[in-house]
Amino acid sequence: MAVTIGIVGWLPGEAAWSGQVGQQAYDQMLSATPRIVVASLVAYLAGSFANAYILTRLKMITQERWLWMRTIGSTVVGQGMDTVLFVLIAFAFAEGFAAVLLWSMIISNYGFKVGVEVLLTPVTYAITGHLKRAEGVEVFDAEKDFHPFRVRQVRGSTGER
C-alpha cells in the first residue's frame, strides 16, 4: 500500500483535480506514508532486538530473579530505541517539524510506553506465574547466541558440525 501511495503521488494528476488543490491535499496527507512505513520497520526491528537482548541478558545476570527489573529494564532500552528511531526517520526531515516538536513527540511517546510497562507489571507476574504452574517447565538458556543473522549448523548423527 505504501508503494502504491508513493507511486500515485509521483504520477501527475488530472488537470482539473490538480488545479483545485487536489494534488496539494493528497501530497500533504499521504506523501509521508512510505517514510513512515520505513521508519516503523526500522524502529520495530531495532527496538525489538534490543528489548529481547536486554531481557535475556538480564535473565542470565539475575539468574531468573527480579522479573520486574528485567521487563522494565528491557522496555526502557528497547522502546527508547524504537521511539527515537521512528520519530527521527519519520519526521526529522519533514516540513513543519521543529526540533522542539520532535523532542516532545519522543518524550511523550517514550513516557507512555514505559508507563504502560510499569503499570502492567503485576499482570505480567500473574500471567507468567500461571503459565509456569500450568506447564511445569522453566527454560533457562545460559548458552544464548545473540547474533540475529547467524545460522547454526545442526549436529548430524555422527556428532559432527
# chains A, B, ... in the order shown; residues from 1 in each chain; ligands from 1

$ residues_around --residues "Trp10 (chain A)" --least-positions-apart "3" --cutoff "10 Å" --atoms "only C-alpha atoms" --output "list of chain:residue names"
A:Thr4, A:Ile5, A:Gly6, A:Ile7, A:Gly13, A:Gln23, A:Asp27, A:Ser31

$ closest_atom_pairs --of "region 99-143 of chain A" --to "region 66-76 of chain A" --cutoff "9 Å" --atoms "only C-alpha atoms" --output "Markdown table"
| residue | atom | partner | partner_atom | distance |
| --- | --- | --- | --- | --- |
| A:Tyr110 | CA | A:Val76 | CA | 8.4 |
| A:Lys113 | CA | A:Thr75 | CA | 8.0 |
| A:Val114 | CA | A:Val76 | CA | 6.3 |
| A:Glu117 | CA | A:Ile72 | CA | 6.4 |
| A:Val118 | CA | A:Ile72 | CA | 6.5 |
| A:Thr121 | CA | A:Trp68 | CA | 6.4 |
| A:Pro122 | CA | A:Trp68 | CA | 8.6 |
| A:Thr124 | CA | A:Trp68 | CA | 8.6 |
| A:Tyr125 | CA | A:Leu67 | CA | 7.7 |

$ write_last_selection --atoms "N, CA and C atoms" --output "mmCIF file, in the first residue's frame"
data_model
loop_
_atom_site.group_PDB
_atom_site.id
_atom_site.type_symbol
_atom_site.label_atom_id
_atom_site.label_comp_id
_atom_site.auth_asym_id
_atom_site.auth_seq_id
_atom_site.Cartn_x
_atom_site.Cartn_y
_atom_site.Cartn_z
ATOM 1 N N TYR A 110 7.656 7.918 24.490
ATOM 2 C CA TYR A 110 8.515 7.063 25.310
ATOM 3 C C TYR A 110 7.946 6.946 26.726
ATOM 4 N N LYS A 113 4.943 4.590 26.712
ATOM 5 C CA LYS A 113 5.302 3.182 26.537
ATOM 6 C C LYS A 113 5.893 2.584 27.813
ATOM 7 N N VAL A 114 6.811 3.303 28.431
ATOM 8 C CA VAL A 114 7.420 2.804 29.665
ATOM 9 C C VAL A 114 6.379 2.786 30.786
ATOM 10 N N GLU A 117 4.285 -0.289 30.556
ATOM 11 C CA GLU A 117 5.027 -1.459 31.039
ATOM 12 C C GLU A 117 5.023 -1.508 32.562
ATOM 13 N N VAL A 118 5.262 -0.377 33.193
ATOM 14 C CA VAL A 118 5.287 -0.332 34.654
ATOM 15 C C VAL A 118 3.911 -0.691 35.216
ATOM 16 N N THR A 121 3.078 -4.462 34.918
ATOM 17 C CA THR A 121 3.992 -5.423 35.534
ATOM 18 C C THR A 121 3.261 -6.425 36.435
ATOM 19 N N PRO A 122 2.294 -6.019 37.253
ATOM 20 C CA PRO A 122 1.560 -7.037 38.033
ATOM 21 C C PRO A 122 0.830 -8.050 37.140
ATOM 22 N N THR A 124 1.902 -9.014 34.205
ATOM 23 C CA THR A 124 2.979 -9.879 33.722
ATOM 24 C C THR A 124 3.305 -10.950 34.751
ATOM 25 N N TYR A 125 3.401 -10.558 36.028
ATOM 26 C CA TYR A 125 3.667 -11.530 37.092
ATOM 27 C C TYR A 125 2.563 -12.574 37.162
#

$ residues_around --residues "region 84-86 of chain A" --least-positions-apart "2" --cutoff "10 Å" --atoms "only C-alpha atoms" --output "PyMOL selection string"
chain A and resi 35-44+46-47+79-82+88-92+102-103+105-107+109-110

$ write_last_selection --atoms "C-alpha atoms" --output "PDB file, in the first residue's frame"
ATOM      1  CA  ARG A  35       8.746   7.230   5.033  1.00  0.00           C
ATOM      2  CA  ILE A  36       6.525   6.296   7.985  1.00  0.00           C
ATOM      3  CA  VAL A  37       6.419   2.649   6.889  1.00  0.00           C
ATOM      4  CA  VAL A  38      10.229   2.520   6.628  1.00  0.00           C
ATOM      5  CA  ALA A  39      10.548   4.279   9.992  1.00  0.00           C
ATOM      6  CA  SER A  40       8.147   1.780  11.567  1.00  0.00           C
ATOM      7  CA  LEU A  41      10.014  -1.233  10.211  1.00  0.00           C
ATOM      8  CA  VAL A  42      13.479   0.014  11.179  1.00  0.00           C
ATOM      9  CA  ALA A  43      12.345   1.125  14.634  1.00  0.00           C
ATOM     10  CA  TYR A  44      10.444  -2.100  15.284  1.00  0.00           C
ATOM     11  CA  ALA A  46      15.963  -2.408  16.215  1.00  0.00           C
ATOM     12  CA  GLY A  47      13.771  -1.877  19.280  1.00  0.00           C
ATOM     13  CA  GLN A  79      11.271   1.337  23.499  1.00  0.00           C
ATOM     14  CA  GLY A  80      13.820   4.128  23.772  1.00  0.00           C
ATOM     15  CA  MET A  81      15.485   2.868  20.615  1.00  0.00           C
ATOM     16  CA  ASP A  82      12.141   2.245  18.894  1.00  0.00           C
ATOM     17  CA  LEU A  88      13.693  10.791  13.644  1.00  0.00           C
ATOM     18  CA  ILE A  89      13.260   8.706  10.481  1.00  0.00           C
ATOM     19  CA  ALA A  90       9.582   9.566  10.023  1.00  0.00           C
ATOM     20  CA  PHE A  91       9.605  13.263  10.875  1.00  0.00           C
ATOM     21  CA  ALA A  92      13.090  14.794  11.269  1.00  0.00           C
ATOM     22  CA  LEU A 102      10.351  16.172  17.685  1.00  0.00           C
ATOM     23  CA  TRP A 103      11.623  16.120  21.277  1.00  0.00           C
ATOM     24  CA  MET A 105       6.967  13.520  20.427  1.00  0.00           C
ATOM     25  CA  ILE A 106       9.888  11.395  21.622  1.00  0.00           C
ATOM     26  CA  ILE A 107       9.416  12.205  25.308  1.00  0.00           C
ATOM     27  CA  ASN A 109       5.612   8.537  23.365  1.00  0.00           C
ATOM     28  CA  TYR A 110       8.515   7.063  25.310  1.00  0.00           C
TER      29      TYR A 110
END

$ atom_distance --atom1 "CA of Phe49 (chain A)" --atom2 "CA of Gly78 (chain A)"
7.5 Å

$ closest_residue --among "A:Glu135, A:Arg57, A:Val87, A:Glu64" --to "Ser108 (chain A)" --atoms "only C-alpha atoms"
A:Val87

$ atom_distance --atom1 "CA of Phe93 (chain A)" --atom2 "CA of Leu30 (chain A)"
15.4 Å
